[in-house]
>>> print(open('my_file.txt').read())   # compact mmCIF, C-alpha atoms
# COMPACT_ATOMS: atom_id res chain seq x y z
CA MET A 1 -37.23 -37.92 -103.70
CA GLN A 2 -40.43 -37.46 -105.68
CA VAL A 3 -41.07 -40.08 -108.34
CA ILE A 4 -43.73 -39.67 -111.00
CA ILE A 5 -44.68 -42.89 -112.76
CA THR A 6 -46.69 -42.70 -115.97
CA ILE A 7 -48.35 -45.92 -117.07
CA ASN A 8 -49.75 -46.31 -120.57
CA LYS A 9 -51.05 -49.12 -122.74
CA LYS A 10 -48.39 -50.75 -124.90
CA PRO A 11 -48.63 -49.84 -128.60
CA GLY A 12 -50.98 -52.27 -130.33
CA VAL A 13 -53.09 -52.95 -127.23
CA LEU A 14 -56.70 -52.03 -127.87
CA ASP A 15 -57.82 -49.13 -125.71
CA PRO A 16 -61.57 -48.72 -126.20
CA GLU A 17 -61.75 -45.85 -123.72
CA ALA A 18 -59.16 -43.79 -125.63
CA GLN A 19 -60.96 -44.63 -128.89
CA ALA A 20 -64.25 -43.37 -127.47
CA VAL A 21 -62.61 -40.13 -126.31
CA LYS A 22 -60.98 -39.74 -129.74
CA GLN A 23 -64.36 -40.14 -131.47
CA SER A 24 -65.92 -37.55 -129.17
CA LEU A 25 -63.12 -35.05 -129.82
CA PHE A 26 -63.53 -35.62 -133.57
CA SER A 27 -67.24 -34.96 -133.33
CA LEU A 28 -66.47 -31.70 -131.51
CA GLY A 29 -64.54 -30.61 -134.57
CA PHE A 30 -60.96 -31.37 -133.48
CA ASP A 31 -60.20 -32.96 -136.85
CA ASP A 32 -56.41 -32.44 -136.55
CA LEU A 33 -56.37 -35.10 -133.83
CA GLU A 34 -54.06 -37.98 -134.73
CA ASN A 35 -54.17 -40.23 -131.71
CA VAL A 36 -55.29 -40.45 -128.10
CA THR A 37 -53.74 -42.56 -125.39
CA MET A 38 -55.00 -42.71 -121.83
CA GLY A 39 -53.06 -43.96 -118.86
CA LYS A 40 -52.51 -43.22 -115.24
CA GLN A 41 -50.02 -41.26 -113.22
CA ILE A 42 -48.79 -42.36 -109.82
CA THR A 43 -46.74 -40.04 -107.62
CA LEU A 44 -44.50 -41.55 -104.95
CA PHE A 45 -42.16 -40.14 -102.37
CA ILE A 46 -39.16 -42.36 -101.71
CA GLU A 47 -36.84 -41.86 -98.76
CA THR A 48 -33.48 -41.38 -100.46
CA ASP A 49 -31.26 -38.62 -101.80
CA ASP A 50 -29.98 -40.82 -104.60
CA GLN A 51 -31.83 -40.30 -107.91
CA GLU A 52 -30.62 -43.59 -109.39
CA ARG A 53 -31.77 -45.51 -106.32
CA ALA A 54 -35.19 -43.81 -106.42
CA LYS A 55 -35.54 -44.77 -110.08
CA TYR A 56 -34.44 -48.35 -109.40
CA ARG A 57 -36.90 -48.76 -106.50
CA ALA A 58 -39.75 -47.27 -108.58
CA ALA A 59 -38.99 -49.68 -111.43
CA LYS A 60 -39.13 -52.57 -108.96
CA MET A 61 -42.53 -51.33 -107.77
CA CYS A 62 -43.79 -51.14 -111.36
CA GLU A 63 -42.68 -54.70 -112.03
CA ALA A 64 -44.10 -56.03 -108.75
CA LEU A 65 -47.48 -54.34 -108.81
CA LEU A 66 -48.04 -50.97 -110.41
CA ALA A 67 -47.89 -51.98 -114.09
CA ASN A 68 -49.01 -55.16 -115.82
CA ALA A 69 -46.35 -56.09 -118.38
CA VAL A 70 -48.91 -57.92 -120.54
CA ILE A 71 -50.58 -54.67 -121.59
CA GLU A 72 -48.80 -51.74 -120.00
CA GLU A 73 -45.50 -49.86 -120.21
CA TYR A 74 -44.23 -47.30 -117.75
CA LYS A 75 -42.01 -44.22 -117.58
CA ILE A 76 -40.31 -42.98 -114.44
CA GLN A 77 -39.46 -39.36 -113.76
CA VAL A 78 -37.48 -38.46 -110.64
CA ASN A 79 -37.67 -34.98 -109.11
CA GLU A 80 -35.47 -33.74 -106.33
CA LEU A 81 -37.61 -31.91 -103.80
CA SER A 82 -36.22 -28.61 -102.63
CA MET B 1 -64.04 -83.56 -101.12
CA ARG B 2 -62.29 -80.61 -99.48
CA ILE B 3 -63.15 -77.30 -101.12
CA ALA B 4 -62.09 -73.85 -99.93
CA ILE B 5 -63.54 -70.57 -101.16
CA ILE B 6 -61.14 -67.65 -100.82
CA VAL B 7 -62.76 -64.42 -99.63
CA PHE B 8 -61.24 -60.99 -100.30
CA PRO B 9 -62.59 -57.63 -99.21
CA GLY B 10 -65.09 -56.94 -102.00
CA SER B 11 -65.75 -60.56 -102.99
CA ASN B 12 -69.51 -60.86 -103.45
CA CYS B 13 -70.12 -64.28 -105.01
CA ASP B 14 -68.52 -66.29 -102.18
CA ARG B 15 -71.81 -67.17 -100.51
CA ASP B 16 -73.60 -67.98 -103.77
CA MET B 17 -70.70 -70.30 -104.57
CA MET B 18 -70.88 -71.84 -101.10
CA VAL B 19 -74.58 -72.64 -101.62
CA ALA B 20 -73.85 -74.01 -105.12
CA VAL B 21 -71.05 -76.25 -103.88
CA GLU B 22 -73.10 -77.50 -100.93
CA SER B 23 -76.08 -78.29 -103.16
CA LEU B 24 -73.84 -80.47 -105.36
CA THR B 25 -71.56 -82.10 -102.80
CA GLY B 26 -73.72 -82.12 -99.66
CA ARG B 27 -70.84 -80.57 -97.81
CA ARG B 28 -70.35 -76.92 -96.93
CA PRO B 29 -67.00 -75.60 -98.23
CA ALA B 30 -64.70 -73.58 -96.00
CA LEU B 31 -64.64 -69.81 -96.48
CA ILE B 32 -61.04 -68.64 -96.15
CA TRP B 33 -60.22 -64.98 -95.45
CA HIS B 34 -57.47 -63.61 -97.70
CA LYS B 35 -55.23 -62.62 -94.78
CA GLN B 36 -54.68 -66.23 -93.83
CA ASN B 37 -51.12 -67.37 -94.62
CA ASN B 38 -51.73 -71.06 -95.10
CA LEU B 39 -54.31 -73.52 -96.32
CA ASN B 40 -55.18 -76.90 -94.85
CA PRO B 41 -54.89 -79.62 -97.50
CA ILE B 42 -57.67 -79.12 -100.02
CA ASP B 43 -58.78 -80.66 -103.31
CA LEU B 44 -60.02 -77.45 -104.87
CA ALA B 45 -59.63 -73.73 -104.16
CA ILE B 46 -62.28 -71.45 -105.60
CA ILE B 47 -61.65 -67.73 -106.10
CA PRO B 48 -65.14 -66.25 -106.41
CA GLY B 49 -66.41 -63.24 -108.32
CA GLY B 50 -66.78 -59.75 -106.96
CA PHE B 51 -64.80 -56.54 -106.79
CA SER B 52 -61.79 -57.40 -104.65
CA PHE B 53 -60.21 -54.25 -103.20
CA GLY B 54 -62.74 -52.18 -105.14
CA ASP B 55 -61.03 -53.06 -108.44
CA TYR B 56 -58.41 -50.43 -107.50
CA LEU B 57 -55.28 -50.14 -109.69
CA ARG B 58 -56.38 -53.02 -111.98
CA CYS B 59 -59.05 -55.66 -111.33
CA GLY B 60 -57.47 -58.39 -109.20
CA ALA B 61 -54.06 -56.68 -108.98
CA LEU B 62 -54.14 -56.03 -105.24
CA ALA B 63 -55.77 -59.36 -104.37
CA ALA B 64 -53.03 -61.12 -106.33
CA HIS B 65 -50.62 -60.03 -103.58
CA SER B 66 -52.74 -60.95 -100.54
CA PRO B 67 -51.13 -63.28 -97.95
CA ILE B 68 -53.31 -66.26 -98.98
CA MET B 69 -51.85 -66.14 -102.51
CA ASN B 70 -48.56 -67.69 -101.35
CA ALA B 71 -50.51 -70.69 -100.09
CA LEU B 72 -52.40 -70.82 -103.41
CA HIS B 73 -49.13 -70.72 -105.37
CA ASP B 74 -47.87 -73.66 -103.25
CA HIS B 75 -51.15 -75.52 -103.81
CA ALA B 76 -50.80 -74.93 -107.58
CA ALA B 77 -47.15 -76.04 -107.55
CA ARG B 78 -48.27 -79.35 -106.01
CA GLY B 79 -50.65 -79.79 -108.94
CA GLY B 80 -53.67 -78.66 -106.93
CA ALA B 81 -56.86 -77.52 -108.64
CA ILE B 82 -58.02 -73.89 -108.64
CA LEU B 83 -61.18 -72.41 -110.13
CA GLY B 84 -61.35 -68.64 -110.59
CA ILE B 85 -64.62 -67.05 -111.61
CA CYS B 86 -64.92 -63.53 -113.03
CA ASN B 87 -62.87 -61.45 -110.56
CA GLY B 88 -61.28 -64.78 -109.59
CA PHE B 89 -60.16 -65.17 -113.23
CA GLN B 90 -58.72 -61.63 -113.12
CA ILE B 91 -56.84 -62.49 -109.90
CA LEU B 92 -55.40 -65.62 -111.55
CA THR B 93 -54.08 -63.65 -114.53
CA GLU B 94 -52.73 -60.86 -112.29
CA SER B 95 -50.92 -63.39 -110.11
CA GLY B 96 -49.36 -65.04 -113.17
CA MET B 97 -51.10 -68.37 -112.59
CA LEU B 98 -52.89 -67.94 -115.92
CA PRO B 99 -51.63 -66.11 -119.01
CA GLY B 100 -53.18 -62.98 -120.55
CA PHE B 101 -55.12 -60.06 -119.20
CA LEU B 102 -58.80 -59.16 -118.84
CA ALA B 103 -59.22 -55.70 -120.27
CA ARG B 104 -62.20 -53.36 -120.23
CA ASN B 105 -65.16 -54.54 -122.32
CA GLN B 106 -64.97 -53.26 -125.88
CA GLU B 107 -68.26 -51.37 -125.63
CA LEU B 108 -67.20 -49.80 -122.29
CA LYS B 109 -70.30 -51.19 -120.58
CA PHE B 110 -70.87 -53.50 -117.66
CA ILE B 111 -72.59 -56.52 -119.22
CA CYS B 112 -74.91 -58.67 -117.14
CA LYS B 113 -76.75 -61.26 -119.20
CA GLN B 114 -77.20 -64.89 -120.06
CA ILE B 115 -74.79 -65.95 -122.80
CA THR B 116 -74.09 -69.08 -124.79
CA LEU B 117 -70.78 -70.90 -124.52
CA SER B 118 -69.22 -73.66 -126.56
CA VAL B 119 -66.81 -76.14 -125.02
CA ASN B 120 -63.53 -76.24 -126.94
CA GLY B 121 -63.24 -79.77 -128.29
CA ALA B 122 -59.44 -79.53 -128.23
CA THR B 123 -59.17 -78.43 -124.61
CA SER B 124 -56.58 -79.99 -122.36
CA CYS B 125 -58.44 -78.90 -119.22
CA ALA B 126 -58.44 -81.76 -116.74
CA LEU B 127 -61.31 -80.20 -114.79
CA THR B 128 -63.91 -80.17 -117.54
CA ALA B 129 -63.10 -83.51 -119.17
CA SER B 130 -66.64 -84.88 -118.71
CA LEU B 131 -68.35 -81.96 -120.48
CA ASP B 132 -69.92 -82.80 -123.81
CA HIS B 133 -68.00 -80.90 -126.48
CA LYS B 134 -70.96 -80.89 -128.84
CA GLU B 135 -73.29 -79.20 -126.38
CA THR B 136 -73.48 -75.50 -125.68
CA LEU B 137 -73.90 -74.06 -122.19
CA GLN B 138 -76.12 -71.18 -121.05
CA ILE B 139 -74.43 -69.37 -118.18
CA PRO B 140 -74.65 -65.67 -117.26
CA ILE B 141 -71.81 -63.17 -117.32
CA ALA B 142 -71.63 -60.01 -115.20
CA HIS B 143 -68.51 -57.95 -115.74
CA ASN B 144 -66.95 -54.72 -116.93
CA GLU B 145 -63.47 -56.17 -117.59
CA GLY B 146 -63.79 -59.51 -119.34
CA ASN B 147 -62.15 -58.71 -122.65
CA PHE B 148 -59.45 -61.38 -122.85
CA PHE B 149 -56.18 -60.10 -124.29
CA ALA B 150 -52.76 -61.68 -124.82
CA ASP B 151 -49.95 -60.88 -127.26
CA SER B 152 -50.05 -62.96 -130.43
CA GLU B 153 -47.27 -65.31 -129.32
CA THR B 154 -49.04 -66.07 -126.02
CA LEU B 155 -52.39 -66.41 -127.77
CA ASN B 156 -50.94 -68.91 -130.24
CA SER B 157 -49.45 -70.99 -127.46
CA ILE B 158 -52.73 -70.90 -125.47
CA GLU B 159 -54.55 -72.17 -128.57
CA SER B 160 -51.99 -74.79 -129.61
CA ASN B 161 -51.75 -76.17 -126.07
CA GLY B 162 -55.52 -76.58 -125.86
CA GLN B 163 -55.74 -74.09 -122.99
CA VAL B 164 -58.94 -72.49 -124.27
CA VAL B 165 -61.81 -74.15 -122.41
CA LEU B 166 -64.92 -72.12 -123.25
CA ARG B 167 -65.73 -69.68 -126.04
CA TYR B 168 -68.59 -67.26 -126.50
CA THR B 169 -70.80 -68.52 -129.31
CA SER B 170 -74.10 -67.62 -130.98
CA ASP B 171 -77.24 -68.24 -128.97
CA LYS B 172 -80.49 -69.40 -130.53
CA TYR B 173 -81.28 -65.78 -131.40
CA ALA B 174 -77.75 -65.37 -132.81
CA THR B 175 -77.22 -62.16 -130.90
CA SER B 176 -74.48 -62.70 -128.36
CA THR B 177 -71.49 -64.16 -130.13
CA ASN B 178 -68.83 -62.07 -128.43
CA PRO B 179 -70.15 -59.78 -125.72
CA ASN B 180 -66.93 -58.06 -124.66
CA GLY B 181 -64.35 -58.15 -127.49
CA SER B 182 -62.34 -61.10 -126.13
CA LEU B 183 -59.68 -62.38 -128.54
CA ASN B 184 -60.75 -65.62 -130.24
CA ASN B 185 -64.08 -65.38 -128.32
CA ILE B 186 -62.29 -66.68 -125.24
CA ALA B 187 -64.48 -67.00 -122.12
CA ALA B 188 -62.35 -69.47 -120.11
CA ILE B 189 -58.79 -70.77 -120.18
CA CYS B 190 -56.78 -73.24 -118.14
CA SER B 191 -53.16 -73.59 -117.08
CA LEU B 192 -50.69 -75.76 -118.99
CA ASN B 193 -51.25 -78.66 -116.57
CA GLY B 194 -55.02 -78.26 -117.01
CA LYS B 195 -55.65 -77.88 -113.27
CA ILE B 196 -56.19 -74.13 -112.96
CA LEU B 197 -59.34 -72.87 -114.65
CA GLY B 198 -60.30 -69.23 -115.05
CA MET B 199 -63.68 -68.28 -116.49
CA MET B 200 -65.69 -65.07 -116.83
CA PRO B 201 -69.20 -66.69 -116.73
CA HIS B 202 -70.77 -67.40 -113.33
CA PRO B 203 -71.74 -71.09 -113.00
CA GLU B 204 -73.08 -70.47 -109.48
CA ARG B 205 -75.78 -68.33 -111.09
CA ALA B 206 -76.98 -71.14 -113.36
CA MET B 207 -77.88 -73.84 -110.85
CA GLY B 208 -81.52 -74.45 -111.86
CA LYS B 209 -84.33 -73.87 -109.32
CA GLY B 210 -85.12 -70.22 -109.91
CA HIS B 211 -82.21 -69.60 -112.24
CA GLU B 212 -82.72 -69.38 -116.00
CA SER B 213 -80.40 -72.29 -116.61
CA ALA B 214 -78.93 -75.31 -114.85
CA ASP B 215 -75.82 -75.47 -117.03
CA GLY B 216 -73.61 -74.01 -114.31
CA ARG B 217 -74.51 -77.04 -112.20
CA LYS B 218 -73.38 -79.25 -115.09
CA LEU B 219 -70.05 -77.43 -115.30
CA LEU B 220 -69.37 -77.47 -111.55
CA HIS B 221 -70.38 -81.14 -111.43
CA SER B 222 -67.77 -81.96 -114.10
CA ILE B 223 -65.10 -80.15 -112.06
CA PHE B 224 -65.99 -81.96 -108.83
CA GLU B 225 -66.09 -85.27 -110.69
CA ALA B 226 -62.60 -84.61 -112.10
CA ILE B 227 -61.25 -83.89 -108.62
CA ILE B 228 -62.57 -87.11 -107.10
CA THR B 229 -61.17 -89.32 -109.84
>>> encode(input="my_file.txt", output="structure tokens")
Amino acid sequence: MQVIITINKKPGVLDPEAQAVKQSLFSLGFDDLENVTMGKQITLFIETDDQERAKYRAAKMCEALLANAVIEEYKIQVNELS
Amino acid sequence: MRIAIIVFPGSNCDRDMMVAVESLTGRRPALIWHKQNNLNPIDLAIIPGGFSFGDYLRCGALAAHSPIMNALHDHAARGGAILGICNGFQILTESGMLPGFLARNQELKFICKQITLSVNGATSCALTASLDHKETLQIPIAHNEGNFFADSETLNSIESNGQVVLRYTSDKYATSTNPNGSLNNIAAICSLNGKILGMMPHPERAMGKGHESADGRKLLHSIFEAIIT
């Protein structure tokens, strides 16, 4: 099972990198820009045919290591590989 | 005094710290590789600065799960003293031994310079008890992720429990109040029991004799003094 984990800063956590990118986009004329968030994406392959199990294991991995709950939140997307 | 310095792949201040400790105590501390599972009885564990595991994922995140960390958790549970400097501070927050998180510097730059620190008069840190609260310290910082962050509830409890040990303050030129955007100008905090200290500044780079300052020596001396007594 393929698992795609997206990790982003929690709302309210200062993200100076995203702010800098936002400023640059503004200065390029993209004045309809409302907000920028920047995170990371981690793709895993988990040995199981069970989507729920894959999601559960990925959540455990996020809690143990991949995301820091002080500043980050994560989303898990599970894709069955054909 | 038994002091161990923990070495991770990418640690780069371990030897400077070894020299600093030896110059103060007359005894060479043990360098302990992170893959070791246990620690002989020690009085102080030092987690030095550097770029453990190349700062991959998040600074200190991978080191926080190295085999030696179980032994450090046991040492902490027995009330043992731990000093984490720079990347060592990041490892302590990532491992949950200290609260908060060290985020990217506000100006998105690596900052390497001498800064001025004030000692929090209300600190409950057992390791820095002999520092003069009215004096300021000149100790350099060198980091890209030293911007201390915690949610407001955690920050309030850190403050009300006297866990803030050092704050960035104005130097004589009044230029370097807060170099990295840290909440409440926090440069160093300690655990609730006051025995685990995490700090961004590098005391081993302020030991006098060729360094710009000898205030790091003063700070390390206060820690060693606290451990003996």
>>> residues_around(input="my_file.txt", residues="Ile71 in chain A", least_positions_apart="2", cutoff="7 Å", atoms="all atoms listed in the file", output="list of chain:residue names")
A:Lys9, A:Lys10, A:Val13, A:Asn68, A:Ala69
>>> write_last_selection(input="my_file.txt", atoms="C-alpha atoms", output="compact mmCIF listing (two decimals), in the coordinates of the input")
# COMPACT_ATOMS: atom_id res chain seq x y z
CA LYS A 9 -51.05 -49.12 -122.74
CA LYS A 10 -48.39 -50.75 -124.90
CA VAL A 13 -53.09 -52.95 -127.23
CA ASN A 68 -49.01 -55.16 -115.82
CA ALA A 69 -46.35 -56.09 -118.38
>>> residues_near_point(input="my_file.txt", point="(-52.3, -58.5, -106.4)", cutoff="10 Å", atoms="only C-alpha atoms", output="count of residues only")
24
>>> residues_near_point(input="my_file.txt", point="(-45.4, -43.4, -108.6)", cutoff="7 Å", atoms="all atoms listed in the file", output="number ranges by chain")
A: 3-5, 41-44, 58
>>> closest_residue(input="my_file.txt", among="B:Thr123, B:Ser23, B:Ser182, B:Thr116", to="chain A", atoms="only C-alpha atoms")
B:Ser182
>>> closest_residue(input="my_file.txt", among="A:Glu52, A:Asp15, A:Glu47, A:Asp31", to="Gln77 in chain A", atoms="all atoms listed in the file")
A:Glu52
>>> atom_distance(input="my_file.txt", atom1="CA of Ile42 in chain B", atom2="CA of Asp74 in chain B")
11.7 Å
>>> residues_around(input="my_file.txt", residues="range 16-30 of chain A", least_positions_apart="6", cutoff="12 Å", atoms="all atoms listed in the file", output="ChimeraX atom specification")
/A:8-9,36-39 /B:103-109,145,147,180-181
>>> atom_distance(input="my_file.txt", atom1="CA of Gln114 in chain B", atom2="CA of Phe149 in chain B")
22.0 Å
>>> atom_distance(input="my_file.txt", atom1="CA of Pro41 in chain B", atom2="CA of Lys195 in chain B")
15.9 Å
>>> closest_residue(input="my_file.txt", among="A:Cys62, A:Met1, A:Val78, A:Val70", to="Phe45 in chain A", atoms="only C-alpha atoms")
A:Met1
>>> closest_residue(input="my_file.txt", among="A:Glu73, A:Leu33, A:Lys55, A:Ala67", to="Gly12 in chain A", atoms="only C-alpha atoms")
A:Glu73
>>> closest_residue(input="my_file.txt", among="A:Thr48, A:Asn35, A:Glu63, A:Tyr56", to="chain B", atoms="only C-alpha atoms")
A:Glu63
>>> closest_residue(input="my_file.txt", among="B:Leu127, B:Leu102, B:Ala30, B:Val164", to="chain A", atoms="all atoms listed in the file")
B:Leu102
>>> residues_around(input="my_file.txt", residues="Arg217 in chain B", least_positions_apart="4", cutoff="10 Å", atoms="only C-alpha atoms", output="ChimeraX atom specification")
/B:20-21,23-24,139,203-208,213,221-223
>>> decode(input="my_file.txt", residues="range 143-185 of chain B", atoms="C-alpha atoms", output="PDB file, in the first residue's frame")
ATOM      1  CA  HIS B 143      22.738  28.249  14.484  1.00  0.00           C
ATOM      2  CA  ASN B 144      20.072  28.257  11.800  1.00  0.00           C
ATOM      3  CA  GLU B 145      17.285  26.832  13.991  1.00  0.00           C
ATOM      4  CA  GLY B 146      17.336  28.523  17.382  1.00  0.00           C
ATOM      5  CA  ASN B 147      13.987  30.281  17.320  1.00  0.00           C
ATOM      6  CA  PHE B 148      12.358  28.951  20.492  1.00  0.00           C
ATOM      7  CA  PHE B 149       8.653  28.226  20.082  1.00  0.00           C
ATOM      8  CA  ALA B 150       6.013  26.741  22.377  1.00  0.00           C
ATOM      9  CA  ASP B 151       2.228  27.111  22.453  1.00  0.00           C
ATOM     10  CA  SER B 152       1.007  29.807  24.824  1.00  0.00           C
ATOM     11  CA  GLU B 153      -0.020  27.363  27.547  1.00  0.00           C
ATOM     12  CA  THR B 154       3.410  25.686  27.539  1.00  0.00           C
ATOM     13  CA  LEU B 155       5.170  29.049  27.392  1.00  0.00           C
ATOM     14  CA  ASN B 156       3.216  30.299  30.405  1.00  0.00           C
ATOM     15  CA  SER B 157       4.080  27.212  32.406  1.00  0.00           C
ATOM     16  CA  ILE B 158       7.775  27.462  31.416  1.00  0.00           C
ATOM     17  CA  GLU B 159       7.776  31.069  32.640  1.00  0.00           C
ATOM     18  CA  SER B 160       5.780  30.517  35.832  1.00  0.00           C
ATOM     19  CA  ASN B 161       7.896  27.508  36.815  1.00  0.00           C
ATOM     20  CA  GLY B 162      11.101  29.504  36.417  1.00  0.00           C
ATOM     21  CA  GLN B 163      12.307  27.232  33.621  1.00  0.00           C
ATOM     22  CA  VAL B 164      13.750  30.071  31.556  1.00  0.00           C
ATOM     23  CA  VAL B 165      17.464  30.232  32.370  1.00  0.00           C
ATOM     24  CA  LEU B 166      18.984  32.656  29.854  1.00  0.00           C
ATOM     25  CA  ARG B 167      17.488  35.354  27.651  1.00  0.00           C
ATOM     26  CA  TYR B 168      18.938  37.315  24.765  1.00  0.00           C
ATOM     27  CA  THR B 169      19.405  40.910  25.860  1.00  0.00           C
ATOM     28  CA  SER B 170      20.873  44.146  24.508  1.00  0.00           C
ATOM     29  CA  ASP B 171      24.637  44.316  24.234  1.00  0.00           C
ATOM     30  CA  LYS B 172      26.608  47.487  24.880  1.00  0.00           C
ATOM     31  CA  TYR B 173      25.907  48.569  21.298  1.00  0.00           C
ATOM     32  CA  ALA B 174      22.218  47.697  21.794  1.00  0.00           C
ATOM     33  CA  THR B 175      22.120  45.757  18.556  1.00  0.00           C
ATOM     34  CA  SER B 176      21.502  42.115  19.345  1.00  0.00           C
ATOM     35  CA  THR B 177      18.471  41.879  21.581  1.00  0.00           C
ATOM     36  CA  ASN B 178      16.830  38.918  19.893  1.00  0.00           C
ATOM     37  CA  PRO B 179      18.861  37.399  17.079  1.00  0.00           C
ATOM     38  CA  ASN B 180      16.496  34.650  15.949  1.00  0.00           C
ATOM     39  CA  GLY B 181      12.884  35.485  16.890  1.00  0.00           C
ATOM     40  CA  SER B 182      12.739  33.290  20.012  1.00  0.00           C
ATOM     41  CA  LEU B 183       9.577  33.766  22.076  1.00  0.00           C
ATOM     42  CA  ASN B 184      10.232  35.850  25.199  1.00  0.00           C
ATOM     43  CA  ASN B 185      13.893  36.175  24.066  1.00  0.00           C
TER      44      ASN B 185
END
